[in-house]
$ cat target_38.cif   # mmCIF, C-alpha atoms
data_structure
loop_
_atom_site.label_atom_id
_atom_site.label_comp_id
_atom_site.auth_asym_id
_atom_site.auth_seq_id
_atom_site.Cartn_x
_atom_site.Cartn_y
_atom_site.Cartn_z
CA MET D 1 3.83 -5.57 11.18
CA GLU D 2 3.71 -7.22 7.78
CA ARG D 3 6.14 -6.26 5.09
CA THR D 4 5.13 -4.44 1.94
CA VAL D 5 5.55 -6.91 -0.93
CA ALA D 6 6.06 -6.13 -4.61
CA ARG D 7 5.47 -9.07 -6.92
CA ALA D 8 6.49 -9.43 -10.53
CA ALA D 9 4.21 -11.34 -12.88
CA GLY D 10 5.30 -14.70 -14.21
CA PRO D 11 4.89 -18.42 -13.83
CA GLY D 12 7.31 -18.55 -10.89
CA VAL D 13 6.93 -16.57 -7.70
CA ASN D 14 9.11 -13.51 -8.09
CA ARG D 15 8.95 -11.24 -5.09
CA ALA D 16 10.80 -8.39 -3.56
CA GLU D 17 10.03 -7.63 0.05
CA PHE D 18 10.50 -4.16 1.42
CA ASP D 19 10.70 -3.73 5.17
CA VAL D 20 8.72 -0.75 6.47
CA THR D 21 9.79 -1.12 10.11
CA GLU D 22 10.69 2.58 10.14
CA PHE D 23 6.98 3.36 9.82
CA GLU D 24 5.64 0.84 12.37
CA ASP D 25 5.17 3.36 15.19
CA ALA D 26 3.62 5.93 12.86
CA LEU D 27 1.32 3.32 11.34
CA GLU D 28 0.12 2.45 14.83
CA LEU D 29 -0.99 6.08 15.19
CA LEU D 30 -3.11 5.93 12.02
CA ARG D 31 -6.54 4.38 12.17
CA GLY D 32 -8.85 2.74 9.65
CA ASP D 33 -8.68 3.76 6.04
CA LEU D 34 -5.79 6.17 6.64
CA ARG D 35 -3.43 3.23 7.22
CA THR D 36 -4.48 1.83 3.85
CA HIS D 37 -4.00 5.24 2.21
CA LEU D 38 -0.41 5.36 3.44
CA ALA D 39 0.35 1.81 2.33
CA ARG D 40 -1.19 2.40 -1.10
CA SER D 41 0.71 5.67 -1.57
CA MET D 42 3.95 3.92 -0.74
CA GLY D 43 3.09 0.94 -2.95
CA VAL D 44 2.35 3.16 -5.94
CA ALA D 45 5.60 5.11 -5.49
CA GLY D 46 7.66 1.91 -5.43
CA GLY D 47 5.61 0.32 -8.19
CA GLN D 48 6.15 3.26 -10.52
CA VAL D 49 9.92 2.95 -10.13
CA LEU D 50 9.75 -0.80 -10.79
CA ARG D 51 7.40 -0.37 -13.78
CA ASP D 52 9.67 2.26 -15.31
CA GLU D 53 12.72 0.04 -14.80
CA ALA D 54 10.94 -2.87 -16.52
CA LYS D 55 10.00 -0.60 -19.43
CA ALA D 56 13.61 0.57 -19.76
CA ARG D 57 14.84 -3.05 -19.84
CA ALA D 58 12.18 -4.38 -22.24
CA PRO D 59 13.53 -5.34 -25.67
CA VAL D 60 12.40 -2.81 -28.24
CA LYS D 61 11.54 -3.75 -31.79
CA ASP D 62 8.29 -1.93 -32.40
CA GLY D 63 7.72 -0.65 -28.84
CA VAL D 64 4.52 -2.63 -28.29
CA LEU D 65 5.86 -4.66 -25.36
CA ARG D 66 7.36 -1.62 -23.67
CA ALA D 67 4.13 0.34 -24.07
CA SER D 68 2.08 -2.54 -22.64
CA ILE D 69 3.90 -2.73 -19.27
CA TYR D 70 1.68 -1.44 -16.49
CA LEU D 71 1.25 -1.07 -12.73
CA ALA D 72 -2.08 -2.12 -11.20
CA TYR D 73 -3.57 -2.45 -7.75
CA ARG D 74 -4.36 -6.10 -6.98
CA GLU D 75 -7.59 -6.06 -5.04
CA SER D 76 -7.74 -9.84 -4.64
CA GLY D 77 -4.34 -9.86 -2.90
CA SER D 78 -5.03 -6.83 -0.72
CA ASN D 79 -6.83 -6.41 2.57
CA ASP D 80 -6.69 -4.09 5.60
CA LYS D 81 -3.25 -5.47 6.56
CA ARG D 82 -1.68 -5.93 3.12
CA VAL D 83 -1.58 -3.96 -0.11
CA GLN D 84 -0.44 -5.59 -3.37
CA TYR D 85 0.43 -4.11 -6.73
CA VAL D 86 1.33 -6.01 -9.89
CA ILE D 87 3.75 -4.94 -12.58
CA ALA D 88 3.13 -6.92 -15.76
CA TRP D 89 2.53 -6.54 -19.48
CA ASN D 90 -0.83 -6.54 -21.21
CA GLY D 91 -1.08 -9.98 -22.81
CA ARG D 92 -3.57 -8.79 -25.43
CA LYS D 93 -1.31 -6.00 -26.65
CA ALA D 94 1.92 -8.00 -26.33
CA PRO D 95 0.95 -11.70 -26.42
CA HIS D 96 4.55 -12.86 -26.81
CA GLY D 97 5.96 -11.07 -23.76
CA HIS D 98 6.29 -14.32 -21.85
CA LEU D 99 8.40 -15.81 -24.66
CA LEU D 100 10.90 -12.99 -24.29
CA GLU D 101 10.87 -13.02 -20.49
CA PHE D 102 11.33 -16.78 -20.08
CA GLY D 103 12.63 -18.10 -23.43
CA HIS D 104 10.90 -20.79 -25.48
CA TRP D 105 11.23 -23.68 -27.89
CA GLN D 106 10.70 -22.81 -31.56
CA PRO D 107 9.24 -25.88 -33.30
CA PHE D 108 8.38 -24.19 -36.64
CA ARG D 109 10.35 -22.32 -39.29
CA VAL D 110 10.16 -18.54 -39.22
CA ALA D 111 10.39 -16.26 -42.26
CA ALA D 112 11.09 -12.54 -42.43
CA LEU D 113 8.81 -10.19 -44.34
CA PRO D 114 10.24 -7.24 -46.33
CA ASP D 115 8.96 -4.79 -43.68
CA GLY D 116 11.05 -6.50 -40.98
CA ARG D 117 8.22 -8.43 -39.32
CA PHE D 118 8.36 -12.19 -38.94
CA TYR D 119 5.78 -14.87 -39.42
CA THR D 120 5.70 -18.51 -38.38
CA MET D 121 5.45 -21.02 -41.19
CA LYS D 122 3.58 -24.31 -40.94
CA THR D 123 6.77 -26.23 -41.67
CA ARG D 124 8.32 -27.87 -38.63
CA LEU D 125 12.05 -27.63 -37.93
CA PRO D 126 13.95 -30.96 -37.95
CA SER D 127 14.35 -30.47 -34.18
CA PRO D 128 12.99 -27.63 -32.03
CA LYS D 129 15.35 -24.72 -31.50
CA TRP D 130 15.73 -23.13 -28.04
CA ILE D 131 15.32 -19.35 -28.13
CA PRO D 132 17.02 -17.96 -25.02
CA ALA D 133 15.20 -15.63 -22.66
CA ARG D 134 15.70 -11.89 -22.88
CA PRO D 135 14.27 -11.12 -19.43
CA PHE D 136 13.25 -7.58 -18.56
CA LEU D 137 10.81 -7.88 -15.66
CA ARG D 138 12.80 -10.13 -13.33
CA PRO D 139 16.05 -8.16 -13.73
CA ALA D 140 14.09 -4.95 -13.10
CA LEU D 141 12.94 -6.40 -9.80
CA THR D 142 16.47 -7.07 -8.61
CA GLY D 143 18.09 -4.09 -10.33
CA ALA D 144 15.75 -1.45 -8.93
CA ALA D 145 15.14 -2.84 -5.42
CA ASP D 146 17.11 -0.09 -3.65
CA ARG D 147 15.43 2.66 -5.68
CA VAL D 148 12.01 1.10 -5.10
CA ARG D 149 12.63 1.02 -1.35
CA ALA D 150 13.89 4.62 -1.37
CA ALA D 151 10.84 5.81 -3.35
CA MET D 152 8.49 4.06 -0.94
CA ILE D 153 10.18 5.55 2.11
CA ALA D 154 10.27 9.03 0.57
CA ARG D 155 6.56 8.82 -0.25
CA GLY D 156 5.82 7.56 3.26
CA ARG D 157 7.69 10.47 4.82
CA GLU D 158 5.78 12.89 2.60
CA ARG D 159 2.33 11.33 3.04
CA LEU D 160 2.40 10.41 6.74
CA PRO D 161 2.20 13.99 8.11
CA GLN D 162 -0.68 14.74 5.73
CA LEU D 163 -2.60 11.69 6.92
CA LEU D 164 -1.89 12.40 10.60
CA ARG D 165 -3.21 15.92 10.08
CA GLN D 166 -6.30 14.52 8.35
CA GLN D 167 -6.88 12.11 11.24
CA TRP D 168 -6.41 14.92 13.78
CA GLU D 169 -9.00 17.01 11.90
CA ARG D 170 -11.45 14.08 11.86
CA ASP D 171 -10.92 13.59 15.60
CA ALA D 172 -11.42 17.33 16.25
CA GLU D 173 -14.68 17.33 14.27
CA GLY D 174 -15.87 14.29 16.20
CA SER D 175 -15.17 15.88 19.59
CA ASP D 176 -17.06 19.06 18.65
CA ALA D 177 -20.24 17.11 17.98
#

$ encode --input "target_38.cif" --output "structure tokens"
Amino acid sequence: MERTVARAAGPGVNRAEFDVTEFEDALELLRGDLRTHLARSMGVAGGQVLRDEAKARAPVKDGVLRASIYLAYRESGSNDKRVQYVIAWNGRKAPHGHLLEFGHWQPFRVAALPDGRFYTMKTRLPSPKWIPARPFLRPALTGAADRVRAAMIARGRERLPQLLRQQWERDAEGSDA
């Protein structure tokens, strides 16, 4: 049985693995698409907790970064044995999210506008200045791991009987034919 894996976005590989051994026997009872339904339900439950934790940890100036954090199913990383979800920020809405998450070198002077916004000038600094990271996604991954696992297990316990019933009904319909 493979483990359910949650992966945070970023240049490095940031992963949290959640063991679903408790559900191995039950998963063996489910067939076909119902196995995927259970895995996706559990993945969404854990992903929502992780997404909300990342939003809570995101630095807030105007709220754009926080509002751009999302949870999405990753079809290219999923198959009949593995389900992947991604928690990331929308780079179009918050194009500087990576600078906050990982830190960056500031080679140009920055000026403040009267409304509190900043703009980058064309004048270079004598030497680049390191702006330290203010990570929010990576700490969310480690800080919420136990709650993510608990949410996934709770959703699995809730969803499994429903899916077993659905499978039983499908089997009953098939035997009547």

$ closest_atom_pairs --input "target_38.cif" --of "range 26-50 of chain D" --to "range 54-68 of chain D" --cutoff "12 Å" --atoms "only C-alpha atoms" --output "CSV"
residue,atom,partner,partner_atom,distance
D:Gly47,CA,D:Ala54,CA,10.4
D:Gln48,CA,D:Ala54,CA,9.8
D:Val49,CA,D:Ala54,CA,8.7
D:Leu50,CA,D:Ala54,CA,6.2

$ closest_atom_pairs --input "target_38.cif" --of "range 61-92 of chain D" --to "range 33-39 of chain D" --cutoff "10 Å" --atoms "only C-alpha atoms" --output "tab-separated table"
residue	atom	partner	partner_atom	distance
D:Ser78	CA	D:Thr36	CA	9.8
D:Asn79	CA	D:Thr36	CA	8.7
D:Asp80	CA	D:Thr36	CA	6.6
D:Lys81	CA	D:Thr36	CA	7.9
D:Arg82	CA	D:Ala39	CA	8.0
D:Val83	CA	D:Ala39	CA	6.6
D:Gln84	CA	D:Ala39	CA	9.4

$ residues_around --input "target_38.cif" --residues "Pro128 in chain D" --least-positions-apart "3" --cutoff "12 Å" --atoms "only C-alpha atoms" --output "number ranges by chain"
D: 104-110, 123-125, 131

$ atom_distance --input "target_38.cif" --atom1 "CA of Tyr119 in chain D" --atom2 "CA of Trp89 in chain D"
21.9 Å

$ resolve_selection --input "target_38.cif" --expression "the PyMOL selection byres ((chain D and resi 151) around 8)" --output "ChimeraX atom specification"
/D:42,45-46,49,147-150,152-155

$ write_last_selection --input "target_38.cif" --atoms "C-alpha atoms" --output "PDB file, in the coordinates of the input"
ATOM      1  CA  MET D  42       3.950   3.920  -0.740  1.00  0.00           C
ATOM      2  CA  ALA D  45       5.600   5.110  -5.490  1.00  0.00           C
ATOM      3  CA  GLY D  46       7.660   1.910  -5.430  1.00  0.00           C
ATOM      4  CA  VAL D  49       9.920   2.950 -10.130  1.00  0.00           C
ATOM      5  CA  ARG D 147      15.430   2.660  -5.680  1.00  0.00           C
ATOM      6  CA  VAL D 148      12.010   1.100  -5.100  1.00  0.00           C
ATOM      7  CA  ARG D 149      12.630   1.020  -1.350  1.00  0.00           C
ATOM      8  CA  ALA D 150      13.890   4.620  -1.370  1.00  0.00           C
ATOM      9  CA  MET D 152       8.490   4.060  -0.940  1.00  0.00           C
ATOM     10  CA  ILE D 153      10.180   5.550   2.110  1.00  0.00           C
ATOM     11  CA  ALA D 154      10.270   9.030   0.570  1.00  0.00           C
ATOM     12  CA  ARG D 155       6.560   8.820  -0.250  1.00  0.00           C
TER      13      ARG D 155
END

$ closest_residue --input "target_38.cif" --among "D:Phe118, D:Phe102, D:Trp130, D:Phe136" --to "Ala88 in chain D" --atoms "all atoms listed in the file"
D:Phe136

$ closest_residue --input "target_38.cif" --among "D:Gly32, D:Pro135, D:Ala172, D:Arg51" --to "Leu99 in chain D" --atoms "all atoms listed in the file"
D:Pro135

$ closest_residue --input "target_38.cif" --among "D:Leu113, D:Leu30, D:Glu173, D:Asp52" --to "Ala140 in chain D" --atoms "all atoms listed in the file"
D:Asp52

$ closest_residue --input "target_38.cif" --among "D:Arg165, D:Lys93, D:His98, D:Arg31" --to "Arg138 in chain D" --atoms "all atoms listed in the file"
D:His98

$ atom_distance --input "target_38.cif" --atom1 "CA of Asp146 in chain D" --atom2 "CA of Gly43 in chain D"
14.1 Å

$ atom_distance --input "target_38.cif" --atom1 "CA of Glu75 in chain D" --atom2 "CA of Ala145 in chain D"
23.0 Å
